[in-house]
2 protein chains.
Amino acid sequence: MSFEFIERGSVTTPAGFLASGVTAGFKRSGAPDFAMVLSEKPAAFAGVFTSCTFAAAPVRLCRKRVLESEYLKAVMINSGNANACTGEPGMAAAQKSCEIAAKALGISAEEVAVASTGRIGVQMDMSLIEKGVALAVPALSADGGNSASEAIMTTDTVPKAAAVKVDINGKSVCIGAMTKGAGMIDPHLTAPHATMICIITTDAEISKPQLIKLLSPAADASFNRITVDGDMSTNDTVLILANGESGVKIAPESEEEKVFAQALLALMQNLAKRMVLDGEGATKFVEVRVVNARSDADAKLAAEAVGNSLLCKTAWFGNDPNWGRVVAALGYSGAKFSDEKCDVYFGDIPVVKNGGDAGTPEEALLDTVRQREFTITCDFHEGDGEYWVWTSDVSYEYVKINADYHT
Amino acid sequence: MSFEFIERGSVTTPAGFLASGVTAGFKRSGAPDFAMVLSEKPAAFAGVFTSCTFAAAPVRLCRKRVLESEYLKAVMINSGNANACTGEPGMAAAQKSCEIAAKALGISAEEVAVASTGRIGVQMDMSLIEKGVALAVPALSADGGNSASEAIMTTDTVPKAAAVKVDINGKSVCIGAMTKGAGMIDPHLTAPHATMICIITTDAEISKPQLIKLLSPAADASFNRITVDGDMSTNDTVLILANGESGVKIAPESEEEKVFAQALLALMQNLAKRMVLDGEGATKFVEVRVVNARSDADAKLAAEAVGNSLLCKTAWFGNDPNWGRVVAALGYSGAKFSDEKCDVYFGDIPVVKNGGDAGTPEEALLDTVRQREFTITCDFHEGDGEYWVWTSDVSYEYVKINADYHT
């Protein structure tokens, strides 16, 4: 049993899924801004969501679906209005959106989920939902996955879709996914949640309890590891739908389930990495790895402090191998460790040895920090705790995007 | 009893203090980079310091002084080398620096404290300390306070010094201070520490235990309330020296001590505010105030989340009255509150009512967010917990300063 990525894979790579992306008018630019994914058969599903107190109306609706609906058939996603901090009218709008889509698809509203992204605090213009549904339903097609992945973009510069084919005892199942998110991206891992919108489809035959069991740890080891700006969103949503179209059953606690879980994680990590590479204004992808900490929790505090440090992120943008900012962030992270035992590496090159300068000439480090991707490893020599995060730099373009952002 | 600010006040406004600022050569620019403050009489003293695990050598030395020395006579400050992450050679260099200064001043090394700021991880060039001392000692003068405040600058664009005159039953004492710090500024209040270098002098007759008692709460309500970039430094140091030259005694637990404490807080808040106004690349000063939270701790979590939010800070730079980013930060802060009871004001104008749009037209908010200084108030309607922070925006200039920074 094994898995492999499929070229130009998307949410419609698994059998029995249709998708489309259209322009409803949420974005002033006229770019596609409304997507739909449909499973021809009822699909088992699971979801993880933001842990922000101000969870958006569509997030609240999705949580209700997870609790109350056995199956989903459709997911609609709009980009340009987050429907967050919109109170009861916002909840009514999310519910009404599902009803409009259900009617057009000839299914029930309880089989429809909705995800929204865009400006916070603006009431939904229901005429745009009406228009989106009217255009998206007839456009649904078995090769519409990439079109859908374009329609969910906000400040993303490239659409992000992928699929893997999993070999299960000589038969195959597919898992496809699309994601959006380039800002308001940060891992807060205390509650099951992710940091963006990701819709995952699979034609495997797998139950809702299994999906619930598999999704959280996969999110924790992928989307919850990434940070662009340290700001968690009100709208983070990851949904997985499984329609069984392949006829291949994944039994609970089986070897098949293990391989499926590995493939799912690989797919979600692939997309998580591409989100950081496409982070707002990002020119660098940095893996911050903390090893041999007293505990995983200490390693996590330390890795996240470096990954979110504005001084580190601006230094990386400037190709500055400034390890002082890295150790300062480790030092204020709250992680328990002895500074005198701490080593730091840029790539494979030691920069800090026993808490002080390892003596590597700055010139030797420049080749590393000038790369588009590099790893910073911090070794505490304290225990076997480990954690890593993926982060980006902060550039002029980041400031420009976020100082000028009006949907 | 009352107090008032003194025009062009500085560390040499209190009687019996001399100071100087000279160019030792730490900065490539040739700008002044070495300062000295001398009390003619032995001065009682207290200090609060960074809680970063990688506390710099001069911080460790100052902590030793607080524990072991009854009095201080001199403080030397260099700008351009932090002497942090420099191991045993760094500690030896800090100690040797005190010895060099003590010899030149004819006092003992245990009466000298040292503070350093600049690049992390570089061993001190002791010839520069020798040169700094050789130049600074003969330059010491009773009107050298402002010169000293210029020599401790790093990325600061203006020197920051102030003094207050406190009326104590018809007699007066003075408190003077200078501070530096424009980046690596963040309030982490779990331990007594501050977020920059600040040297405070007073000619009041007040004991070391009193100074220790008064300094921490004053730091908590001033320097620990400010954030520029969310990065705590390895070198944060606040020192207060009291030489008794005024002959006015401040008795423990007296009314006089209360007034002295008020004046000290006003002085430290004055400098803290100016640090934010002079934050790296800052164009805005924003007071984030959380009121009626379940506890002060909840209010603190919420206020600090907004104050450190990169998305809020870039929106402010862009004059964007984007309250969605404010509520998103409140929501992920970890503070316990009900989103449906939350109100937010920009200045006096309601922007969020009961967790949703208060209906104020964006035009009406622009006048507020275009101001150099404004307040954002978040009312949780939960209890009587309160907290506030002072923060700045993040501009292109911030990125430029920190991508290009090499001392």
# chains A, B, ... in the order shown; residues from 1 in each chain; ligands from 1
>>> residues_around(residues="Asp156 of chain B", least_positions_apart="4", cutoff="9 Å", atoms="only C-alpha atoms", output="PDB file with all heavy atoms, in the first residue's frame")
ATOM      1  N   LYS B 160      15.353  60.771  24.176  1.00  0.00           N
ATOM      2  CA  LYS B 160      14.185  60.813  25.070  1.00  0.00           C
ATOM      3  C   LYS B 160      14.656  60.996  26.521  1.00  0.00           C
ATOM      4  O   LYS B 160      15.192  60.069  27.109  1.00  0.00           O
ATOM      5  CB  LYS B 160      13.366  59.524  24.904  1.00  0.00           C
ATOM      6  CG  LYS B 160      12.591  59.489  23.587  1.00  0.00           C
ATOM      7  CD  LYS B 160      11.952  58.155  23.281  1.00  0.00           C
ATOM      8  CE  LYS B 160      12.888  57.177  22.623  1.00  0.00           C
ATOM      9  NZ  LYS B 160      13.209  57.478  21.219  1.00  0.00           N
ATOM     10  N   LYS B 180      16.035  54.742  25.935  1.00  0.00           N
ATOM     11  CA  LYS B 180      16.218  54.473  24.513  1.00  0.00           C
ATOM     12  C   LYS B 180      15.389  53.239  24.166  1.00  0.00           C
ATOM     13  O   LYS B 180      15.072  52.420  25.038  1.00  0.00           O
ATOM     14  CB  LYS B 180      17.675  54.251  24.159  1.00  0.00           C
ATOM     15  CG  LYS B 180      18.358  53.062  24.729  1.00  0.00           C
ATOM     16  CD  LYS B 180      18.369  51.707  24.066  1.00  0.00           C
ATOM     17  CE  LYS B 180      18.022  51.596  22.639  1.00  0.00           C
ATOM     18  NZ  LYS B 180      17.897  50.121  22.280  1.00  0.00           N
ATOM     19  N   GLY B 181      15.087  53.112  22.910  1.00  0.00           N
ATOM     20  CA  GLY B 181      14.370  51.924  22.488  1.00  0.00           C
ATOM     21  C   GLY B 181      13.321  52.280  21.478  1.00  0.00           C
ATOM     22  O   GLY B 181      12.449  53.087  21.725  1.00  0.00           O
ATOM     23  N   ALA B 182      13.432  51.655  20.309  1.00  0.00           N
ATOM     24  CA  ALA B 182      12.482  51.921  19.236  1.00  0.00           C
ATOM     25  C   ALA B 182      12.066  50.613  18.576  1.00  0.00           C
ATOM     26  O   ALA B 182      11.077  50.560  17.878  1.00  0.00           O
ATOM     27  CB  ALA B 182      13.109  52.851  18.207  1.00  0.00           C
ATOM     28  N   GLY B 183      12.797  49.550  18.855  1.00  0.00           N
ATOM     29  CA  GLY B 183      12.442  48.246  18.306  1.00  0.00           C
ATOM     30  C   GLY B 183      12.783  47.186  19.335  1.00  0.00           C
ATOM     31  O   GLY B 183      13.406  47.475  20.356  1.00  0.00           O
ATOM     32  N   MET B 275       8.561  56.561  23.589  1.00  0.00           N
ATOM     33  CA  MET B 275       9.198  55.412  22.933  1.00  0.00           C
ATOM     34  C   MET B 275       8.297  54.834  21.832  1.00  0.00           C
ATOM     35  O   MET B 275       8.762  54.471  20.760  1.00  0.00           O
ATOM     36  CB  MET B 275       9.509  54.309  23.947  1.00  0.00           C
ATOM     37  CG  MET B 275      10.715  54.634  24.812  1.00  0.00           C
ATOM     38  SD  MET B 275      10.904  53.401  26.118  1.00  0.00           S
ATOM     39  CE  MET B 275      11.331  51.963  25.134  1.00  0.00           C
ATOM     40  N   ASP B 278       8.130  57.083  18.915  1.00  0.00           N
ATOM     41  CA  ASP B 278       9.386  56.985  18.166  1.00  0.00           C
ATOM     42  C   ASP B 278       9.683  55.524  17.804  1.00  0.00           C
ATOM     43  O   ASP B 278      10.798  55.177  17.453  1.00  0.00           O
ATOM     44  CB  ASP B 278      10.535  57.571  18.993  1.00  0.00           C
ATOM     45  CG  ASP B 278      11.795  57.791  18.154  1.00  0.00           C
ATOM     46  OD1 ASP B 278      11.665  58.027  16.941  1.00  0.00           O
ATOM     47  OD2 ASP B 278      12.904  57.713  18.723  1.00  0.00           O
ATOM     48  N   GLY B 279       8.675  54.648  17.893  1.00  0.00           N
ATOM     49  CA  GLY B 279       8.864  53.245  17.509  1.00  0.00           C
ATOM     50  C   GLY B 279       9.338  53.166  16.064  1.00  0.00           C
ATOM     51  O   GLY B 279       9.049  54.048  15.249  1.00  0.00           O
ATOM     52  N   GLU B 280      10.054  52.103  15.766  1.00  0.00           N
ATOM     53  CA  GLU B 280      10.663  51.980  14.447  1.00  0.00           C
ATOM     54  C   GLU B 280       9.619  52.132  13.335  1.00  0.00           C
ATOM     55  O   GLU B 280       8.717  51.322  13.193  1.00  0.00           O
ATOM     56  CB  GLU B 280      11.365  50.628  14.323  1.00  0.00           C
ATOM     57  CG  GLU B 280      12.624  50.583  15.192  1.00  0.00           C
ATOM     58  CD  GLU B 280      13.321  49.241  15.196  1.00  0.00           C
ATOM     59  OE1 GLU B 280      12.680  48.242  14.854  1.00  0.00           O
ATOM     60  OE2 GLU B 280      14.506  49.213  15.549  1.00  0.00           O
TER      61      GLU B 280
END
>>> interface_residues(of="chain B", to="chain A", cutoff="7 Å", atoms="only C-alpha atoms", output="ChimeraX atom specification")
/B:51-54,85-87,120-121,229,231-234,309-311,314-315,317-318,324,328-329,331-332,339,355-357,395-396,399,402-404
>>> write_last_selection(atoms="N, CA, C and O atoms", output="tab-separated table (two decimals), in the first residue's frame")
chain	number	residue	atom	x	y	z
B	51	SER	N	12.99	39.45	31.13
B	51	SER	CA	12.79	38.07	31.59
B	51	SER	C	13.19	37.07	30.52
B	51	SER	O	12.88	35.89	30.62
B	52	CYS	N	13.88	37.53	29.49
B	52	CYS	CA	14.36	36.65	28.42
B	52	CYS	C	15.39	35.66	28.98
B	52	CYS	O	16.27	36.04	29.76
B	53	THR	N	15.27	34.40	28.58
B	53	THR	CA	16.23	33.38	29.02
B	53	THR	C	17.67	33.77	28.65
B	53	THR	O	18.60	33.52	29.42
B	54	PHE	N	17.81	34.35	27.46
B	54	PHE	CA	19.14	34.80	27.03
B	54	PHE	C	19.39	36.22	27.53
B	54	PHE	O	19.61	37.13	26.74
B	85	CYS	N	24.47	36.84	24.45
B	85	CYS	CA	24.86	35.56	23.85
B	85	CYS	C	26.35	35.53	23.60
B	85	CYS	O	26.82	35.10	22.55
B	86	THR	N	27.09	36.02	24.56
B	86	THR	CA	28.53	36.11	24.42
B	86	THR	C	29.24	35.25	25.47
B	86	THR	O	30.47	35.32	25.59
B	87	GLY	N	28.44	34.48	26.23
B	87	GLY	CA	29.02	33.50	27.15
B	87	GLY	C	29.92	34.09	28.21
B	87	GLY	O	29.77	35.24	28.61
B	120	ILE	N	23.33	41.53	18.80
B	120	ILE	CA	23.47	40.37	19.68
B	120	ILE	C	24.57	39.45	19.14
B	120	ILE	O	24.72	39.30	17.93
B	121	GLY	N	25.33	38.85	20.05
B	121	GLY	CA	26.23	37.77	19.64
B	121	GLY	C	27.62	38.20	19.22
B	121	GLY	O	28.37	37.40	18.67
B	229	ASP	N	6.90	45.82	18.40
B	229	ASP	CA	6.96	44.70	17.45
B	229	ASP	C	6.70	43.35	18.10
B	229	ASP	O	6.78	42.33	17.43
B	231	ASP	N	8.54	41.81	20.12
B	231	ASP	CA	9.78	41.10	20.40
B	231	ASP	C	10.43	41.67	21.66
B	231	ASP	O	10.84	42.82	21.67
B	232	MET	N	10.54	40.84	22.70
B	232	MET	CA	11.20	41.28	23.92
B	232	MET	C	12.71	41.18	23.72
B	232	MET	O	13.20	40.27	23.09
B	233	SER	N	13.42	42.10	24.30
B	233	SER	CA	14.87	42.15	24.13
B	233	SER	C	15.61	41.31	25.16
B	233	SER	O	15.07	40.97	26.21
B	234	THR	N	16.84	40.99	24.83
B	234	THR	CA	17.75	40.31	25.75
B	234	THR	C	18.36	41.28	26.75
B	234	THR	O	19.03	40.85	27.69
B	309	SER	N	-1.24	42.69	17.09
B	309	SER	CA	-1.75	42.12	15.82
B	309	SER	C	-1.13	42.83	14.62
B	309	SER	O	-1.29	44.03	14.43
B	310	LEU	N	-0.43	42.05	13.81
B	310	LEU	CA	0.21	42.61	12.62
B	310	LEU	C	-0.85	43.14	11.65
B	310	LEU	O	-0.65	44.16	10.98
B	311	LEU	N	-1.98	42.46	11.57
B	311	LEU	CA	-3.05	42.92	10.67
B	311	LEU	C	-3.66	44.24	11.16
B	311	LEU	O	-3.97	45.11	10.36
B	314	THR	N	-0.93	47.04	10.50
B	314	THR	CA	-0.81	47.47	9.10
B	314	THR	C	-2.07	48.22	8.66
B	314	THR	O	-1.98	49.15	7.85
B	315	ALA	N	-3.24	47.84	9.19
B	315	ALA	CA	-4.47	48.58	8.87
B	315	ALA	C	-4.37	50.02	9.36
B	315	ALA	O	-4.73	50.95	8.65
B	317	PHE	N	-1.67	51.73	9.81
B	317	PHE	CA	-0.74	52.42	8.91
B	317	PHE	C	-1.49	52.88	7.66
B	317	PHE	O	-1.25	53.97	7.14
B	318	GLY	N	-2.41	52.06	7.17
B	318	GLY	CA	-3.16	52.39	5.96
B	318	GLY	C	-4.38	53.26	6.22
B	318	GLY	O	-5.21	53.42	5.32
B	324	GLY	N	-12.84	44.73	11.93
B	324	GLY	CA	-12.88	43.27	11.85
B	324	GLY	C	-11.60	42.65	12.37
B	324	GLY	O	-11.60	41.61	13.03
B	328	ALA	N	-11.26	40.14	15.54
B	328	ALA	CA	-10.59	38.85	15.32
B	328	ALA	C	-9.50	38.65	16.37
B	328	ALA	O	-9.38	37.58	16.97
B	329	ALA	N	-8.72	39.70	16.64
B	329	ALA	CA	-7.65	39.60	17.64
B	329	ALA	C	-8.23	39.40	19.04
B	329	ALA	O	-7.72	38.58	19.82
B	331	GLY	N	-10.89	37.92	19.65
B	331	GLY	CA	-11.45	36.57	19.63
B	331	GLY	C	-10.42	35.48	19.80
B	331	GLY	O	-10.70	34.44	20.39
B	332	TYR	N	-9.20	35.70	19.28
B	332	TYR	CA	-8.18	34.65	19.44
B	332	TYR	C	-7.28	34.89	20.64
B	332	TYR	O	-6.36	34.11	20.90
B	339	ASP	N	-18.95	37.12	22.73
B	339	ASP	CA	-18.85	38.03	21.58
B	339	ASP	C	-20.12	38.87	21.42
B	339	ASP	O	-20.07	39.99	20.95
B	355	GLY	N	-21.21	42.83	19.41
B	355	GLY	CA	-20.46	41.89	18.57
B	355	GLY	C	-20.63	42.08	17.08
B	355	GLY	O	-20.03	41.35	16.29
B	356	GLY	N	-21.46	43.04	16.68
B	356	GLY	CA	-21.67	43.27	15.24
B	356	GLY	C	-21.47	44.73	14.88
B	356	GLY	O	-21.17	45.57	15.74
B	357	ASP	N	-21.62	45.03	13.62
B	357	ASP	CA	-21.43	46.38	13.11
B	357	ASP	C	-22.35	47.35	13.83
B	357	ASP	O	-23.56	47.15	13.89
B	395	SER	N	4.80	50.00	9.43
B	395	SER	CA	4.88	50.71	8.15
B	395	SER	C	5.94	50.10	7.26
B	395	SER	O	6.69	49.22	7.67
B	396	TYR	N	6.01	50.57	6.02
B	396	TYR	CA	7.12	50.18	5.13
B	396	TYR	C	8.46	50.45	5.81
B	396	TYR	O	9.39	49.67	5.73
B	399	VAL	N	9.70	47.79	8.11
B	399	VAL	CA	10.32	46.67	7.40
B	399	VAL	C	11.71	47.07	6.91
B	399	VAL	O	12.68	46.32	7.05
B	402	ASN	N	14.27	47.08	9.70
B	402	ASN	CA	14.62	45.79	10.26
B	402	ASN	C	15.13	44.78	9.25
B	402	ASN	O	15.71	43.76	9.62
B	403	ALA	N	14.90	45.06	7.96
B	403	ALA	CA	15.49	44.21	6.94
B	403	ALA	C	16.92	44.66	6.66
B	403	ALA	O	17.77	43.87	6.25
B	404	ASP	N	17.18	45.94	6.93
B	404	ASP	CA	18.50	46.49	6.60
B	404	ASP	C	19.41	46.62	7.80
B	404	ASP	O	20.57	46.96	7.67
>>> select_by_dssp(residues="segment 157-279 of chain A", states="alpha helix (DSSP H)", output="PyMOL selection string")
chain A and resi 208-220+255-277
>>> write_last_selection(atoms="N, CA, C and O atoms", output="tab-separated table (two decimals), in the first residue's frame")
chain	number	residue	atom	x	y	z
A	208	LYS	N	-18.12	8.64	9.01
A	208	LYS	CA	-18.01	9.95	9.67
A	208	LYS	C	-17.14	9.88	10.93
A	208	LYS	O	-16.24	10.72	11.10
A	209	PRO	N	-17.34	8.89	11.80
A	209	PRO	CA	-16.47	8.83	12.99
A	209	PRO	C	-14.99	8.67	12.63
A	209	PRO	O	-14.12	9.26	13.28
A	210	GLN	N	-14.71	7.90	11.57
A	210	GLN	CA	-13.31	7.76	11.14
A	210	GLN	C	-12.76	9.10	10.64
A	210	GLN	O	-11.63	9.47	10.95
A	211	LEU	N	-13.57	9.80	9.83
A	211	LEU	CA	-13.11	11.09	9.31
A	211	LEU	C	-12.84	12.07	10.45
A	211	LEU	O	-11.84	12.80	10.44
A	212	ILE	N	-13.74	12.08	11.44
A	212	ILE	CA	-13.56	12.96	12.60
A	212	ILE	C	-12.25	12.61	13.32
A	212	ILE	O	-11.46	13.48	13.67
A	213	LYS	N	-12.01	11.31	13.45
A	213	LYS	CA	-10.79	10.85	14.14
A	213	LYS	C	-9.53	11.24	13.38
A	213	LYS	O	-8.52	11.62	13.98
A	214	LEU	N	-9.58	11.14	12.05
A	214	LEU	CA	-8.38	11.36	11.24
A	214	LEU	C	-8.09	12.84	10.97
A	214	LEU	O	-6.94	13.23	10.77
A	215	LEU	N	-9.15	13.67	10.95
A	215	LEU	CA	-8.96	15.05	10.47
A	215	LEU	C	-8.17	15.92	11.45
A	215	LEU	O	-7.27	16.68	11.04
A	216	SER	N	-8.48	15.83	12.75
A	216	SER	CA	-7.82	16.71	13.72
A	216	SER	C	-6.31	16.54	13.77
A	216	SER	O	-5.58	17.52	13.68
A	217	PRO	N	-5.81	15.29	13.91
A	217	PRO	CA	-4.34	15.16	13.94
A	217	PRO	C	-3.68	15.58	12.63
A	217	PRO	O	-2.58	16.14	12.64
A	218	ALA	N	-4.38	15.36	11.52
A	218	ALA	CA	-3.80	15.80	10.23
A	218	ALA	C	-3.74	17.32	10.17
A	218	ALA	O	-2.77	17.91	9.67
A	219	ALA	N	-4.78	18.00	10.68
A	219	ALA	CA	-4.76	19.47	10.71
A	219	ALA	C	-3.68	19.96	11.67
A	219	ALA	O	-2.97	20.94	11.37
A	220	ASP	N	-3.52	19.28	12.80
A	220	ASP	CA	-2.50	19.69	13.77
A	220	ASP	C	-1.09	19.59	13.20
A	220	ASP	O	-0.20	20.33	13.60
A	255	GLU	N	-4.89	-1.42	8.55
A	255	GLU	CA	-3.70	-0.95	7.85
A	255	GLU	C	-4.10	0.03	6.75
A	255	GLU	O	-3.40	1.01	6.48
A	256	GLU	N	-5.23	-0.25	6.10
A	256	GLU	CA	-5.73	0.64	5.06
A	256	GLU	C	-5.97	2.05	5.61
A	256	GLU	O	-5.67	3.05	4.97
A	257	GLU	N	-6.53	2.08	6.81
A	257	GLU	CA	-6.83	3.39	7.40
A	257	GLU	C	-5.53	4.16	7.68
A	257	GLU	O	-5.46	5.37	7.52
A	258	LYS	N	-4.48	3.43	8.09
A	258	LYS	CA	-3.18	4.07	8.34
A	258	LYS	C	-2.62	4.72	7.07
A	258	LYS	O	-2.12	5.84	7.10
A	259	VAL	N	-2.71	3.95	5.97
A	259	VAL	CA	-2.20	4.49	4.70
A	259	VAL	C	-3.04	5.68	4.24
A	259	VAL	O	-2.51	6.70	3.77
A	260	PHE	N	-4.35	5.55	4.41
A	260	PHE	CA	-5.24	6.66	4.06
A	260	PHE	C	-4.85	7.90	4.87
A	260	PHE	O	-4.77	9.01	4.33
A	261	ALA	N	-4.62	7.71	6.16
A	261	ALA	CA	-4.25	8.84	7.03
A	261	ALA	C	-2.93	9.47	6.59
A	261	ALA	O	-2.78	10.70	6.58
A	262	GLN	N	-1.97	8.61	6.21
A	262	GLN	CA	-0.68	9.14	5.72
A	262	GLN	C	-0.86	9.97	4.46
A	262	GLN	O	-0.27	11.04	4.28
A	263	ALA	N	-1.71	9.45	3.55
A	263	ALA	CA	-1.95	10.16	2.29
A	263	ALA	C	-2.67	11.48	2.54
A	263	ALA	O	-2.34	12.51	1.95
A	264	LEU	N	-3.64	11.45	3.46
A	264	LEU	CA	-4.37	12.67	3.81
A	264	LEU	C	-3.43	13.71	4.38
A	264	LEU	O	-3.47	14.90	4.01
A	265	LEU	N	-2.53	13.28	5.28
A	265	LEU	CA	-1.56	14.20	5.89
A	265	LEU	C	-0.63	14.78	4.82
A	265	LEU	O	-0.37	15.99	4.81
A	266	ALA	N	-0.16	13.93	3.92
A	266	ALA	CA	0.74	14.41	2.86
A	266	ALA	C	0.05	15.46	2.01
A	266	ALA	O	0.64	16.48	1.64
A	267	LEU	N	-1.21	15.21	1.69
A	267	LEU	CA	-1.99	16.16	0.88
A	267	LEU	C	-2.15	17.48	1.62
A	267	LEU	O	-1.94	18.56	1.05
A	268	MET	N	-2.51	17.41	2.90
A	268	MET	CA	-2.74	18.63	3.67
A	268	MET	C	-1.42	19.38	3.91
A	268	MET	O	-1.39	20.61	3.89
A	269	GLN	N	-0.32	18.65	4.11
A	269	GLN	CA	0.98	19.32	4.26
A	269	GLN	C	1.42	19.99	2.95
A	269	GLN	O	1.98	21.08	2.96
A	270	ASN	N	1.14	19.31	1.84
A	270	ASN	CA	1.46	19.90	0.54
A	270	ASN	C	0.77	21.25	0.38
A	270	ASN	O	1.38	22.25	-0.02
A	271	LEU	N	-0.51	21.30	0.73
A	271	LEU	CA	-1.26	22.55	0.58
A	271	LEU	C	-0.84	23.58	1.63
A	271	LEU	O	-0.77	24.77	1.34
A	272	ALA	N	-0.55	23.11	2.85
A	272	ALA	CA	-0.13	24.04	3.91
A	272	ALA	C	1.17	24.73	3.51
A	272	ALA	O	1.33	25.95	3.67
A	273	LYS	N	2.09	23.95	2.97
A	273	LYS	CA	3.37	24.53	2.54
A	273	LYS	C	3.16	25.56	1.43
A	273	LYS	O	3.77	26.64	1.44
A	274	ARG	N	2.27	25.23	0.50
A	274	ARG	CA	2.01	26.16	-0.60
A	274	ARG	C	1.32	27.43	-0.11
A	274	ARG	O	1.48	28.50	-0.69
A	275	MET	N	0.54	27.31	0.97
A	275	MET	CA	-0.07	28.52	1.56
A	275	MET	C	1.00	29.46	2.10
A	275	MET	O	0.89	30.67	1.96
A	276	VAL	N	2.02	28.90	2.75
A	276	VAL	CA	3.08	29.75	3.30
A	276	VAL	C	3.90	30.35	2.15
A	276	VAL	O	4.23	31.54	2.17
A	277	LEU	N	4.22	29.52	1.15
A	277	LEU	CA	4.97	30.02	-0.01
A	277	LEU	C	4.20	31.15	-0.69
A	277	LEU	O	4.79	32.07	-1.24
>>> atom_distance(atom1="atom CA of Thr179 of chain B", atom2="atom CA of Ile152 of chain B")
7.8 Å
>>> atom_distance(atom1="atom CA of Ser127 of chain B", atom2="atom CA of Asn78 of chain B")
12.8 Å
>>> decode(residues="segment 361-365 of chain B", atoms="all heavy atoms", output="mmCIF file, in the first residue's frame")
data_model
loop_
_atom_site.group_PDB
_atom_site.id
_atom_site.type_symbol
_atom_site.label_atom_id
_atom_site.label_comp_id
_atom_site.auth_asym_id
_atom_site.auth_seq_id
_atom_site.Cartn_x
_atom_site.Cartn_y
_atom_site.Cartn_z
ATOM 1 N N PRO B 361 -20.979 54.905 9.683
ATOM 2 C CA PRO B 361 -20.393 54.931 8.337
ATOM 3 C C PRO B 361 -18.870 55.041 8.408
ATOM 4 O O PRO B 361 -18.329 55.717 9.274
ATOM 5 C CB PRO B 361 -20.974 56.194 7.696
ATOM 6 C CG PRO B 361 -22.041 56.682 8.608
ATOM 7 C CD PRO B 361 -21.830 56.061 9.950
ATOM 8 N N GLU B 362 -18.192 54.332 7.500
ATOM 9 C CA GLU B 362 -16.734 54.316 7.497
ATOM 10 C C GLU B 362 -16.172 55.737 7.441
ATOM 11 O O GLU B 362 -15.152 56.035 8.055
ATOM 12 C CB GLU B 362 -16.249 53.490 6.295
ATOM 13 C CG GLU B 362 -14.787 53.142 6.375
ATOM 14 C CD GLU B 362 -14.376 52.110 5.329
ATOM 15 O OE1 GLU B 362 -14.825 50.959 5.427
ATOM 16 O OE2 GLU B 362 -13.609 52.475 4.423
ATOM 17 N N GLU B 363 -16.857 56.613 6.710
ATOM 18 C CA GLU B 363 -16.394 58.005 6.586
ATOM 19 C C GLU B 363 -16.211 58.651 7.955
ATOM 20 O O GLU B 363 -15.250 59.388 8.180
ATOM 21 C CB GLU B 363 -17.414 58.830 5.783
ATOM 22 C CG GLU B 363 -17.532 58.413 4.333
ATOM 23 C CD GLU B 363 -16.184 58.335 3.646
ATOM 24 O OE1 GLU B 363 -15.394 59.292 3.763
ATOM 25 O OE2 GLU B 363 -15.895 57.289 3.022
ATOM 26 N N ALA B 364 -17.153 58.342 8.871
ATOM 27 C CA ALA B 364 -17.123 58.963 10.195
ATOM 28 C C ALA B 364 -15.933 58.475 11.016
ATOM 29 O O ALA B 364 -15.503 59.120 11.968
ATOM 30 C CB ALA B 364 -18.416 58.672 10.948
ATOM 31 N N LEU B 365 -15.376 57.312 10.634
ATOM 32 C CA LEU B 365 -14.249 56.744 11.382
ATOM 33 C C LEU B 365 -12.909 57.226 10.852
ATOM 34 O O LEU B 365 -11.902 57.180 11.546
ATOM 35 C CB LEU B 365 -14.291 55.217 11.307
ATOM 36 C CG LEU B 365 -15.572 54.569 11.833
ATOM 37 C CD1 LEU B 365 -15.571 53.081 11.538
ATOM 38 C CD2 LEU B 365 -15.709 54.815 13.326
#
